[in-house]
Structure formats: structure tokens, C-alpha cells
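Asks: Dropping in model24.csv, with CSV, C-alpha atoms.
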chain,number,residue,atom,x,y,z
A,1,MET,CA,118.6,72.6,190.4
A,2,THR,CA,120.6,70.2,188.1
A,3,VAL,CA,123.9,71.5,186.7
A,4,SER,CA,124.6,70.4,183.2
A,5,ASP,CA,127.8,68.7,182.2
A,6,ASN,CA,128.7,71.6,179.9
A,7,THR,CA,128.4,74.0,182.8
A,8,ARG,CA,130.7,71.9,185.0
A,9,GLY,CA,133.2,71.7,182.1
A,10,LEU,CA,132.9,75.5,181.6
A,11,VAL,CA,133.7,76.3,185.3
A,12,LEU,CA,136.6,73.9,185.4
A,13,ALA,CA,138.0,75.2,182.1
A,14,VAL,CA,138.0,78.8,183.4
A,15,LEU,CA,139.7,77.8,186.6
A,16,SER,CA,142.2,75.8,184.6
A,17,SER,CA,143.1,78.9,182.5
A,18,ALA,CA,143.7,81.0,185.5
A,19,PHE,CA,146.1,78.6,187.1
A,20,ILE,CA,147.9,77.8,183.8
A,21,GLY,CA,148.3,81.5,182.9
A,22,ALA,CA,149.9,82.1,186.3
A,23,SER,CA,152.2,79.1,185.9
A,24,PHE,CA,153.7,80.6,182.7
A,25,ILE,CA,155.0,83.5,184.7
A,26,LEU,CA,156.3,81.5,187.6
A,27,LYS,CA,158.1,79.1,185.3
A,28,LYS,CA,159.6,81.9,183.2
A,29,LYS,CA,161.0,83.6,186.3
A,30,GLY,CA,162.5,80.3,187.4
A,31,LEU,CA,164.0,79.7,184.0
A,32,LYS,CA,165.5,83.2,183.9
A,33,ARG,CA,167.1,82.7,187.4
A,34,ALA,CA,168.5,79.3,186.4
A,35,GLY,CA,169.9,80.8,183.2
A,36,VAL,CA,171.9,83.4,185.1
A,37,SER,CA,173.8,80.8,187.2
A,38,GLY,CA,173.8,77.7,184.9
A,39,THR,CA,173.0,76.3,181.5
A,40,ARG,CA,169.8,77.6,179.9
A,41,ALA,CA,167.0,75.1,179.1
A,42,GLY,CA,166.9,76.4,175.6
A,43,VAL,CA,170.4,75.0,174.9
A,44,GLY,CA,169.8,71.7,176.7
A,45,GLY,CA,170.4,72.6,180.4
A,46,TYR,CA,168.4,71.3,183.3
A,47,ASP,CA,169.5,73.7,186.1
A,48,TYR,CA,165.9,75.0,186.3
A,49,LEU,CA,165.1,71.8,188.2
A,50,LEU,CA,166.8,73.3,191.2
A,51,GLU,CA,164.8,76.5,191.1
A,52,PRO,CA,161.8,76.7,193.6
A,53,LEU,CA,160.0,79.2,191.4
A,54,TRP,CA,160.0,76.8,188.5
A,55,TRP,CA,158.6,74.1,190.7
A,56,ALA,CA,156.0,76.5,192.0
A,57,GLY,CA,155.0,77.1,188.4
A,58,MET,CA,154.9,73.4,187.7
A,59,PHE,CA,152.6,72.9,190.7
A,60,THR,CA,150.3,75.7,189.6
A,61,MET,CA,150.3,74.2,186.1
A,62,LEU,CA,149.5,70.8,187.5
A,63,ILE,CA,146.4,72.1,189.3
A,64,GLY,CA,145.3,73.8,186.1
A,65,GLU,CA,145.9,70.7,184.0
A,66,VAL,CA,144.0,68.5,186.5
A,67,ALA,CA,141.0,71.0,186.2
A,68,ASN,CA,141.4,70.9,182.5
A,69,PHE,CA,141.5,67.1,182.5
A,70,VAL,CA,138.2,66.9,184.4
A,71,ALA,CA,136.7,69.6,182.1
A,72,TYR,CA,137.3,67.4,179.1
A,73,VAL,CA,135.3,64.6,180.7
A,74,PHE,CA,132.2,66.8,181.1
A,75,ALA,CA,132.4,69.0,178.0
A,76,PRO,CA,133.5,68.7,174.3
A,77,ALA,CA,136.9,69.9,173.2
A,78,VAL,CA,135.3,72.6,171.0
A,79,LEU,CA,134.1,74.2,174.3
A,80,VAL,CA,137.0,73.5,176.6
A,81,THR,CA,140.0,74.2,174.4
A,82,PRO,CA,139.2,77.7,173.1
A,83,LEU,CA,138.7,78.9,176.7
A,84,GLY,CA,142.4,78.4,177.1
A,85,ALA,CA,142.6,82.0,175.6
A,86,LEU,CA,141.8,83.2,179.2
A,87,SER,CA,145.2,81.8,180.2
A,88,ILE,CA,146.8,84.2,177.7
A,89,ILE,CA,145.0,87.1,179.3
A,90,VAL,CA,146.2,86.1,182.7
A,91,SER,CA,149.8,85.6,181.6
A,92,ALA,CA,149.8,88.9,179.6
A,93,VAL,CA,148.6,90.9,182.6
A,94,LEU,CA,151.0,89.2,185.1
A,95,ALA,CA,153.9,89.5,182.6
A,96,HIS,CA,153.2,93.2,182.4
A,97,PHE,CA,153.6,93.6,186.2
A,98,MET,CA,156.0,90.8,187.1
A,99,LEU,CA,158.3,90.5,184.1
A,100,LYS,CA,158.0,94.1,182.9
A,101,GLU,CA,156.9,92.9,179.4
A,102,GLN,CA,154.9,95.9,178.1
A,103,LEU,CA,151.2,95.4,177.4
A,104,GLN,CA,150.0,98.1,175.0
A,105,LYS,CA,146.5,99.5,174.6
A,106,LEU,CA,145.8,97.4,171.6
A,107,GLY,CA,146.8,94.4,173.7
A,108,ILE,CA,143.9,95.2,176.0
A,109,LEU,CA,141.6,95.2,173.0
A,110,GLY,CA,143.0,91.8,172.1
A,111,CYS,CA,142.2,90.5,175.6
A,112,ILE,CA,138.6,91.8,175.2
A,113,SER,CA,138.3,90.0,171.8
A,114,CYS,CA,139.4,86.8,173.4
A,115,ILE,CA,136.7,87.1,176.0
A,116,VAL,CA,134.0,88.0,173.5
A,117,GLY,CA,135.0,85.1,171.3
A,118,SER,CA,135.0,82.7,174.2
A,119,VAL,CA,131.4,83.8,175.2
A,120,VAL,CA,130.2,83.1,171.7
A,121,ILE,CA,131.7,79.7,171.8
A,122,VAL,CA,130.2,78.9,175.2
A,123,ILE,CA,126.7,80.0,174.0
A,124,HIS,CA,126.7,77.8,170.9
A,125,ALA,CA,128.8,74.8,172.2
A,126,PRO,CA,127.3,71.4,171.5
A,127,GLN,CA,126.1,69.0,174.2
A,128,GLU,CA,128.4,66.0,174.1
A,129,HIS,CA,127.4,62.3,173.8
A,130,LEU,CA,129.8,60.4,176.1
A,131,PRO,CA,130.8,56.9,175.1
A,132,SER,CA,129.5,54.2,177.3
A,133,SER,CA,132.6,52.0,177.4
A,134,ILE,CA,136.4,52.0,176.6
A,135,ASP,CA,135.6,49.7,173.8
A,136,GLU,CA,133.5,52.3,172.1
A,137,ILE,CA,136.3,54.9,172.6
A,138,TRP,CA,138.7,52.4,171.1
A,139,MET,CA,136.5,52.0,168.0
A,140,LEU,CA,136.5,55.8,167.6
A,141,ALA,CA,140.3,55.9,167.9
A,142,THR,CA,140.8,53.1,165.3
A,143,GLN,CA,138.6,54.6,162.7
A,144,PRO,CA,140.6,55.3,159.4
A,145,ALA,CA,140.2,59.0,159.6
A,146,PHE,CA,141.7,59.4,163.1
A,147,LEU,CA,144.4,56.8,162.3
A,148,ALA,CA,145.4,58.9,159.3
A,149,TYR,CA,145.5,62.0,161.5
A,150,ALA,CA,147.7,60.3,164.1
A,151,ALA,CA,150.1,59.0,161.5
A,152,VAL,CA,150.5,62.4,159.9
A,153,THR,CA,151.0,64.0,163.3
A,154,ILE,CA,153.7,61.6,164.4
A,155,SER,CA,155.5,61.9,161.1
A,156,ILE,CA,155.6,65.7,161.3
A,157,VAL,CA,156.8,65.6,164.9
A,158,LEU,CA,159.7,63.2,164.0
A,159,VAL,CA,160.7,65.5,161.1
A,160,LEU,CA,160.7,68.5,163.5
A,161,VAL,CA,162.7,66.8,166.2
A,162,LEU,CA,165.3,65.1,164.0
A,163,HIS,CA,165.8,67.6,161.2
A,164,PHE,CA,164.5,71.1,162.1
A,165,GLU,CA,165.2,71.3,165.9
A,166,PRO,CA,169.0,71.0,165.7
A,167,ARG,CA,169.1,73.6,162.9
A,168,TYR,CA,166.4,76.1,163.6
A,169,GLY,CA,165.2,75.4,167.2
A,170,GLN,CA,166.9,78.5,168.6
A,171,THR,CA,165.8,80.9,165.9
A,172,ASN,CA,162.3,79.8,164.9
A,173,ILE,CA,159.6,79.5,167.6
A,174,LEU,CA,157.4,77.3,165.4
A,175,VAL,CA,159.8,74.4,165.8
A,176,TYR,CA,159.4,74.0,169.5
A,177,LEU,CA,155.7,75.0,169.6
A,178,GLY,CA,154.9,72.9,166.6
A,179,ILE,CA,156.1,69.8,168.5
A,180,CYS,CA,154.2,70.9,171.6
A,181,SER,CA,150.9,71.5,169.7
A,182,LEU,CA,151.0,68.4,167.6
A,183,MET,CA,151.7,66.2,170.6
A,184,GLY,CA,149.2,68.2,172.6
A,185,SER,CA,146.3,67.3,170.2
A,186,LEU,CA,147.1,63.6,170.8
A,187,THR,CA,147.4,64.3,174.6
A,188,VAL,CA,143.9,65.7,174.8
A,189,VAL,CA,142.1,62.9,173.0
A,190,SER,CA,144.0,60.4,175.1
A,191,ILE,CA,143.3,62.2,178.4
A,192,LYS,CA,139.6,62.5,177.4
A,193,ALA,CA,139.5,58.7,176.9
A,194,VAL,CA,141.2,58.1,180.2
A,195,GLY,CA,138.9,60.5,182.0
A,196,ILE,CA,135.8,58.8,180.6
A,197,ALA,CA,137.1,55.5,181.6
A,198,ILE,CA,137.7,56.8,185.2
A,199,LYS,CA,134.2,58.3,185.3
A,200,LEU,CA,132.6,55.1,184.2
A,201,THR,CA,134.6,53.1,186.7
A,202,LEU,CA,133.5,55.4,189.5
A,203,GLU,CA,129.9,54.9,188.4
A,204,GLY,CA,130.4,51.1,188.9
A,205,ILE,CA,131.3,50.1,185.3
A,206,ASN,CA,134.9,48.9,185.7
A,207,GLN,CA,137.1,50.0,182.8
A,208,ILE,CA,140.5,49.6,184.5
A,209,THR,CA,140.9,45.9,183.4
A,210,TYR,CA,140.7,46.8,179.7
A,211,PRO,CA,144.2,47.0,178.1
A,212,GLN,CA,143.0,49.9,175.9
A,213,THR,CA,142.6,52.0,179.1
A,214,TRP,CA,146.3,51.5,179.9
A,215,LEU,CA,147.3,52.2,176.3
A,216,PHE,CA,145.5,55.5,176.4
A,217,ILE,CA,147.3,56.3,179.8
A,218,SER,CA,150.7,55.5,178.3
A,219,VAL,CA,150.1,57.6,175.3
A,220,ALA,CA,148.9,60.5,177.5
A,221,VAL,CA,151.9,60.3,179.8
A,222,PHE,CA,154.4,60.2,176.9
A,223,CYS,CA,152.8,63.1,175.1
A,224,VAL,CA,152.6,65.2,178.3
A,225,VAL,CA,156.3,64.7,179.0
A,226,THR,CA,157.2,65.6,175.5
A,227,GLN,CA,155.1,68.7,175.6
A,228,LEU,CA,156.6,70.0,178.9
A,229,ASN,CA,160.1,69.4,177.6
A,230,TYR,CA,159.7,71.5,174.4
A,231,LEU,CA,157.5,74.1,176.1
A,232,ASN,CA,160.3,74.7,178.6
A,233,LYS,CA,162.7,75.2,175.7
A,234,ALA,CA,160.3,77.6,174.0
A,235,LEU,CA,159.8,79.6,177.2
A,236,ASP,CA,163.5,79.8,177.9
A,237,THR,CA,164.4,80.9,174.3
A,238,PHE,CA,161.6,83.2,173.4
A,239,ASN,CA,159.5,85.9,175.1
A,240,THR,CA,156.4,84.8,177.1
A,241,ALA,CA,154.4,87.3,175.1
A,242,ILE,CA,155.2,85.4,171.9
A,243,VAL,CA,155.1,81.8,173.3
A,244,SER,CA,151.6,82.0,174.9
A,245,PRO,CA,149.5,83.2,172.0
A,246,ILE,CA,151.2,81.2,169.3
A,247,TYR,CA,151.1,78.1,171.4
A,248,TYR,CA,147.4,78.7,172.1
A,249,VAL,CA,146.5,79.2,168.4
A,250,MET,CA,148.4,76.1,167.2
A,251,PHE,CA,147.4,73.9,170.1
A,252,THR,CA,143.7,74.9,170.0
A,253,THR,CA,143.3,74.5,166.3
A,254,LEU,CA,145.0,71.1,166.2
A,255,THR,CA,143.1,69.9,169.3
A,256,ILE,CA,139.7,70.9,167.9
A,257,LEU,CA,140.6,69.1,164.7
A,258,ALA,CA,141.7,65.9,166.4
A,259,SER,CA,138.7,65.9,168.7
A,260,ALA,CA,136.3,66.6,165.8
A,261,ILE,CA,137.8,63.7,163.9
A,262,MET,CA,137.8,61.2,166.7
A,263,PHE,CA,134.7,62.1,168.8
A,264,LYS,CA,132.7,63.8,166.1
A,265,ASP,CA,132.0,66.9,168.3
A,266,TRP,CA,129.9,68.7,165.7
A,267,SER,CA,127.7,65.7,164.8
A,268,GLY,CA,124.0,66.6,165.1
A,269,GLN,CA,124.6,70.4,165.2
A,270,ASP,CA,123.0,72.7,162.6
A,271,VAL,CA,125.0,74.9,160.3
A,272,SER,CA,124.1,78.1,162.2
A,273,SER,CA,125.6,76.8,165.5
A,274,ILE,CA,128.7,75.5,163.8
A,275,THR,CA,129.1,78.8,162.0
A,276,SER,CA,128.7,80.7,165.3
A,277,GLU,CA,131.4,78.6,166.9
A,278,VAL,CA,133.8,79.1,164.1
A,279,CYS,CA,133.2,82.8,164.2
A,280,GLY,CA,133.8,82.8,167.9
A,281,PHE,CA,137.0,80.8,167.5
A,282,ILE,CA,138.2,83.3,164.8
A,283,THR,CA,137.5,86.2,167.1
A,284,VAL,CA,139.6,84.5,169.8
A,285,LEU,CA,142.4,83.8,167.4
A,286,SER,CA,142.2,87.5,166.2
A,287,GLY,CA,142.5,88.6,169.9
A,288,THR,CA,145.5,86.5,170.5
A,289,ILE,CA,147.3,87.7,167.4
A,290,LEU,CA,146.5,91.3,168.3
A,291,LEU,CA,147.8,90.7,171.8
A,292,HIS,CA,150.9,89.2,170.4
A,293,THR,CA,151.7,92.0,167.9
A,294,THR,CA,151.4,94.7,170.5
A,295,ARG,CA,153.7,93.2,173.0
A,296,GLU,CA,157.4,94.3,173.1
A,297,GLN,CA,159.8,91.6,172.0
A,298,GLU,CA,162.3,90.4,174.5
A,299,VAL,CA,166.0,90.3,173.6
A,300,ALA,CA,167.5,86.8,173.8
A,301,PRO,CA,170.4,86.3,176.2
A,302,PRO,CA,174.0,86.2,174.8
A,303,ALA,CA,175.3,83.0,173.3
A,304,VAL,CA,178.4,81.5,174.8
A,305,GLY,CA,181.6,82.4,173.0
A,306,CYS,CA,180.3,85.5,171.2
A,307,GLN,CA,182.0,88.7,172.2
A,308,HIS,CA,182.1,91.9,170.3
A,309,THR,CA,182.9,95.4,171.5
A,310,SER,CA,182.6,98.8,169.9
A,311,GLN,CA,183.2,102.4,170.6
A,312,TRP,CA,181.3,103.7,167.6
A,313,LEU,CA,179.0,106.6,168.1
A,314,SER,CA,176.0,105.2,166.2
A,315,ALA,CA,173.8,102.2,166.1
A,316,THR,CA,175.6,99.6,164.0
A,317,TYR,CA,174.9,96.0,162.9
A,318,LEU,CA,177.8,93.6,162.9
A,319,PRO,CA,177.3,90.9,160.2
A,320,LYS,CA,176.7,87.3,161.3
A,321,GLU,CA,180.0,85.6,162.0
A,322,SER,CA,180.4,82.3,164.0
A,323,GLY,CA,176.6,82.2,164.5
A,324,CYS,CA,176.2,85.4,166.5
A,325,PRO,CA,174.9,88.5,164.8
A,326,VAL,CA,175.3,91.5,167.2
A,327,TYR,CA,173.7,94.9,167.4
A,328,ILE,CA,175.8,97.7,169.0
A,329,LEU,CA,174.1,100.7,170.5
A,330,THR,CA,176.7,103.2,171.7
A,331,GLU,CA,176.5,106.4,173.6
A,332,GLY,CA,179.8,108.2,173.8
A,333,LEU,CA,182.5,105.7,174.7
A,334,LYS,CA,180.0,103.5,176.5
A,335,SER,CA,178.7,100.6,174.4
A,336,GLU,CA,176.0,98.0,175.0
A,337,ALA,CA,175.8,94.8,172.9
A,338,TYR,CA,172.5,93.2,172.3
A,339,TYR,CA,172.9,89.6,171.1
A,340,LYS,CA,170.1,88.1,169.1
A,341,MET,CA,170.0,84.5,167.9
A,342,SER,CA,168.4,85.3,164.5
A,343,THR,CA,169.2,85.3,160.9
A,344,GLY,CA,170.3,88.9,161.0
A,345,SER,CA,167.7,90.2,158.5
A,346,ASP,CA,167.5,93.9,157.8
A,347,GLN,CA,164.0,94.1,159.4
A,348,ASP,CA,165.5,93.1,162.7
A,349,LYS,CA,168.1,95.8,162.9
A,350,GLN,CA,167.7,98.3,165.6
Turn this file's structure into C-alpha cells for me.

Replies:
Amino acid sequence: MTVSDNTRGLVLAVLSSAFIGASFILKKKGLKRAGVSGTRAGVGGYDYLLEPLWWAGMFTMLIGEVANFVAYVFAPAVLVTPLGALSIIVSAVLAHFMLKEQLQKLGILGCISCIVGSVVIVIHAPQEHLPSSIDEIWMLATQPAFLAYAAVTISIVLVLVLHFEPRYGQTNILVYLGICSLMGSLTVVSIKAVGIAIKLTLEGINQITYPQTWLFISVAVFCVVTQLNYLNKALDTFNTAIVSPIYYVMFTTLTILASAIMFKDWSGQDVSSITSEVCGFITVLSGTILLHTTREQEVAPPAVGCQHTSQWLSATYLPKESGCPVYILTEGLKSEAYYKMSTGSDQDKQ
């Protein structure tokens, strides 16, 4: 019995999601340990590099990414990428038990929605036409539509890194995850190109001697390193329950868009199949949003140099001074300060 390329890609994508979901938890625990004894990654520290748990998470993520890499060779991005929702389910369940991040009943419904949407996408996923050479891939990459997408993506990333990160990186999760997702969309199309080149080479059609192959490898490596750097910052600064679903939604949407522009994934499909895939994708997105909104939000660690005390007998908000709004919750003469790196809006007061 012959196994189709889409089936191979499906199995690899599911395995990838399991490993990547577990890696979020291991890395988060490593980052938290490193933050206790050294400088947090969210403020530019690299003490997490000395944490075995962080490296265990990296190794687990590496296995998942390799499986994901191979999956993109066999199946289109419109099939492989949405299955990343399974990694959110894995991380949510593990975070509930290992990080004590509460998973509510509606969160379970969100997990089910992700699974249902993924099944719909799998059923209606298109069969992909693989390019026969790196030259053909290069022609796809240099078409005006994709060049325009790449130019806009790089421009937005530069604006986020140079302007928004120094000002809002610690308070707005979209800054770090925006950089990750935008670079991730370029990573996927580059990795897919490299994977096809390797596959063709193993089949006896040598593609290693082409300079385009090495250009795609260089782009992929640069984008992956950038992604990991900003993903570490996001994980260290914000709750895993927030990082995972938002990153998934942004990354998946941009990746499908980039792949559709470059590889024309939906070419040849009828309107019914495309509509079903879009509905499945919306179901997955709804599940991730539902999962996100029902998870308890983690309080950020205290900022250096911000100290406030109180013996008040009620919950009180101290206005933002020197960059550190503080919430005081007292019980008798005992007080506990909860520091939040936020704008101090009324809706955040507890």
C-alpha cells in the first residue's frame, strides 16, 4: 500500500506539534529558574543558557522542528501549519500540571475546537505539486507578488525592532510575537525550498551546487535565530498561556499567506474545498482564542529598583511612577506587592 505525500506530512506535523508543545514548558521552567538567580531574558539577559531545563526544551523543540521541516517537504503549508494548534493543546495541558497555570472548562472546549478545525483542514487539504528544481523555486521566489510580500515583511520587522521594541517590548506582547511571526513566514518558505532541494539531491538530481540553494539556507538560518531570540523574550516576559495561542494565530496566518503567494497552494482547488479549509482554519483560530481567554494570567516578576510597601487594609493601586505601577493587597499588617509592567489602566486593577 502506497502512502501519499500528504499522509507523510500529516504524521510528521502531528509529531512535531507534540514535541514543540512540550518544549514550551521545558523552556519556560528553565527561563523562570534563570530569572531567579540572574538577569531575565526579557530584559536582555542570557543566564538561561546555563540552565539544563532550557537546553532540554531546545533539544525537544529541535526534534519537533526537524519533523516540521520534513513535513513541509511532503505537504503544503495550508495543511502542515494549522496543525501547529495541537502544540497549543499539549502546552496548555502540560502548563496546567507543571506550571500551575489554570486551564478552565471553556479552555477544554477550545482544545476540542482546535482538533475539529484541524480535521476539517486535513480532509480538504490540496495535493501539492512539488517543483522539479531549485531554479523553479527561485522563479517562484522572485515573482513580483512574493517580492512585494518579502519587502513589506522586512520593513515591518525593522520598524518593530528599532522603534517599538525599546518602548513597548515589555508591555505589549504583539511586539515580540509580531517579529517572530513575520520572520517565521519567511523561514517556512525558505525551509521548504531547502527541503525540496535536499529531497531532489537524494533522488539523484543534485541541487547543492546551485547558489540559490545556499541563499535559501542562509535566509532560513538567519530567520530561525531571530525567531528564537524574540520567542525567548516573549516567553520570559509573558504567560505561556498567552504566548502560545497568539504566536500560533499570527504565525499560521502569515505563513499560509506567504506560502499561498509563493507556492500557489490553492491553485487548482475548487471553491468548495477552499471554503472548507478557511472554515476549518477559522475554527482552529476560535479554539485558540477561547483557550487563551479562559487561562489565568500570570503576574510579571518585579522590575529592578521598584520598591513600594504598604500597611493599608484594602486593595490599593499606586499610580505609575518611575515606570513601575504597583498593586498592593493587604491583610492586616501583612502586605504583598504585585508588580506589573503595564500601563496601569483601570481595567487591570485588582

Asks: Counting only C-alpha atoms, which residues have an atom no more than 10 Å from (162.0, 78.5, 175.6) in the file's coordinates? Please list them as a list of chain:residue names.

Replies: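 Those residues, ordered by chain and then number, are A:Lys28, A:Leu31, A:Arg40, A:Ala41, A:Gly42, A:Val43, A:Gly169, A:Gln170, A:Ile173, A:Tyr176, A:Leu177, A:Asn229, A:Tyr230, A:Leu231, A:Asn232, A:Lys233, A:Ala234, A:Leu235, A:Asp236, A:Thr237, A:Phe238, A:Asn239, A:Thr240, A:Val243.
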
Asks: Let me make sure I understand: among A:Leu186, A:Leu200, A:Ser132, A:Pro211, which one has the smallest atom-to-atom distance to Ala151 (chain A) if we use all atoms listed in the file?

Replies: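 Using all atoms listed in the file, Ala151 (chain A) sits closest to A:Leu186.
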
Asks: Produce a table with one row for each residue of region 147-191 of chain A that has an atom at most 12 Å from any atom of region 257-267 of chain A, each row naming the nearest atom pair and its distance in Å at one decimal; use all atoms listed in the file; arrange rows by chain and rising residue number; format as CSV.

Replies:
residue,atom,partner,partner_atom,distance
A:Leu147,CA,A:Met262,CA,9.1
A:Ala148,CA,A:Ile261,CA,10.1
A:Tyr149,CA,A:Ala258,CA,7.3
A:Ala150,CA,A:Ala258,CA,8.5
A:Ala151,CA,A:Ala258,CA,11.9
A:Val152,CA,A:Ala258,CA,11.5
A:Thr153,CA,A:Ala258,CA,10.0
A:Ser181,CA,A:Ala258,CA,11.3
A:Leu182,CA,A:Ala258,CA,9.7
A:Met183,CA,A:Ala258,CA,10.9
A:Gly184,CA,A:Ala258,CA,10.0
A:Ser185,CA,A:Ala258,CA,6.1
A:Leu186,CA,A:Ala258,CA,7.3
A:Thr187,CA,A:Ala258,CA,10.1
A:Val188,CA,A:Ser259,CA,8.0
A:Val189,CA,A:Ser259,CA,6.2
A:Ser190,CA,A:Ser259,CA,10.0
A:Ile191,CA,A:Ser259,CA,11.4

Asks: Report, in Å to a single decimal, how far apart CA of Val78 (chain A) and CA of Glu277 (chain A) are.

Replies: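 Distance between the two atoms: 8.2 Å.
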
Asks: Which residues come within 12 Å of Thr201 (chain A), counting only C-alpha atoms, excluding same-chain residues fewer than 4 positions away, as a list in words?

Replies: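 These residues fall inside the cut-off: Ser132, Ser133, Ile134, Val194, Gly195, Ile196, Ala197, Ile205, Asn206, Gln207, Ile208, Thr209, Tyr210 and Thr213 of chain A.
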
Asks: So, counting all atoms listed in the file, which residue among A:Ser23, A:Ser273, A:Thr255, A:Ile282 is closest to Leu94 (chain A)?

Replies: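 The shortest atom-to-atom distance to Leu94 (chain A) comes from A:Ser23.
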
Asks: Do you have the CA of Trp138 (chain A)-CA of Leu254 (chain A) distance handy?

Replies: 20.3 Å

Asks: Using only C-alpha atoms, which residues sit within 8 Å of region 109-115 of chain A once same-chain residues fewer than 4 positions away are excluded, as a PyMOL selection string?

Replies: chain A and resi 85-86+89+105+119+283-291

Asks: Save the residues we just selected, C-alpha atoms, as a short mmCIF file (atom, residue, chain, number, x, y, z; two decimals), keeping the file's coordinate frame?

Replies:
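The resulting file, result_37.cif, is shown below:
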data_model
loop_
_atom_site.label_atom_id
_atom_site.label_comp_id
_atom_site.auth_asym_id
_atom_site.auth_seq_id
_atom_site.Cartn_x
_atom_site.Cartn_y
_atom_site.Cartn_z
CA ALA A 85 142.60 82.00 175.60
CA LEU A 86 141.80 83.20 179.20
CA ILE A 89 145.00 87.10 179.30
CA LYS A 105 146.50 99.50 174.60
CA VAL A 119 131.40 83.80 175.20
CA THR A 283 137.50 86.20 167.10
CA VAL A 284 139.60 84.50 169.80
CA LEU A 285 142.40 83.80 167.40
CA SER A 286 142.20 87.50 166.20
CA GLY A 287 142.50 88.60 169.90
CA THR A 288 145.50 86.50 170.50
CA ILE A 289 147.30 87.70 167.40
CA LEU A 290 146.50 91.30 168.30
CA LEU A 291 147.80 90.70 171.80
#

Asks: So which residues fall inside 10 Å of (153.1, 91.4, 183.8) if we count all atoms listed in the file? Mind giving them as a ChimeraX atom specification?

Replies: /A:25,90-103,240-241

Asks: Give me, please, the distance in Å between CA of Ile121 (chain A) and CA of Ala67 (chain A), quoted to one decimal.

Replies: 19.2 Å

Asks: Smallest atom-to-atom distance to Ala193 (chain A): which of A:Gln269, A:Ser218, A:Thr252, A:Thr171, using all atoms listed in the file?

Replies: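 Selected residue with least distance to Ala193 (chain A): A:Ser218.
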
Asks: Quick one: of A:Met139, A:Ile20, A:Met250, A:Val219, who's nearest to Gly57 (chain A), counting only C-alpha atoms?

Replies: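 Checking each candidate against Gly57 (chain A), we get A:Ile20 as the closest.
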
Asks: Could you list, as JSON, numbers by chain, every residue within 8 Å of Asn68 (chain A), counting all atoms listed in the file and ignoring same-chain residues fewer than 2 positions away?

Replies: {"A": [12, 13, 16, 64, 65, 66, 70, 71, 72, 80]}

Asks: Residues within 7 Å of Leu26 (chain A), please, as an MDAnalysis selection string. Count only C-alpha atoms; anything in the same chain fewer than 2 positions from it doesn't count.

Replies: chainID A and resid 22:24 28:30 53:54 56:57
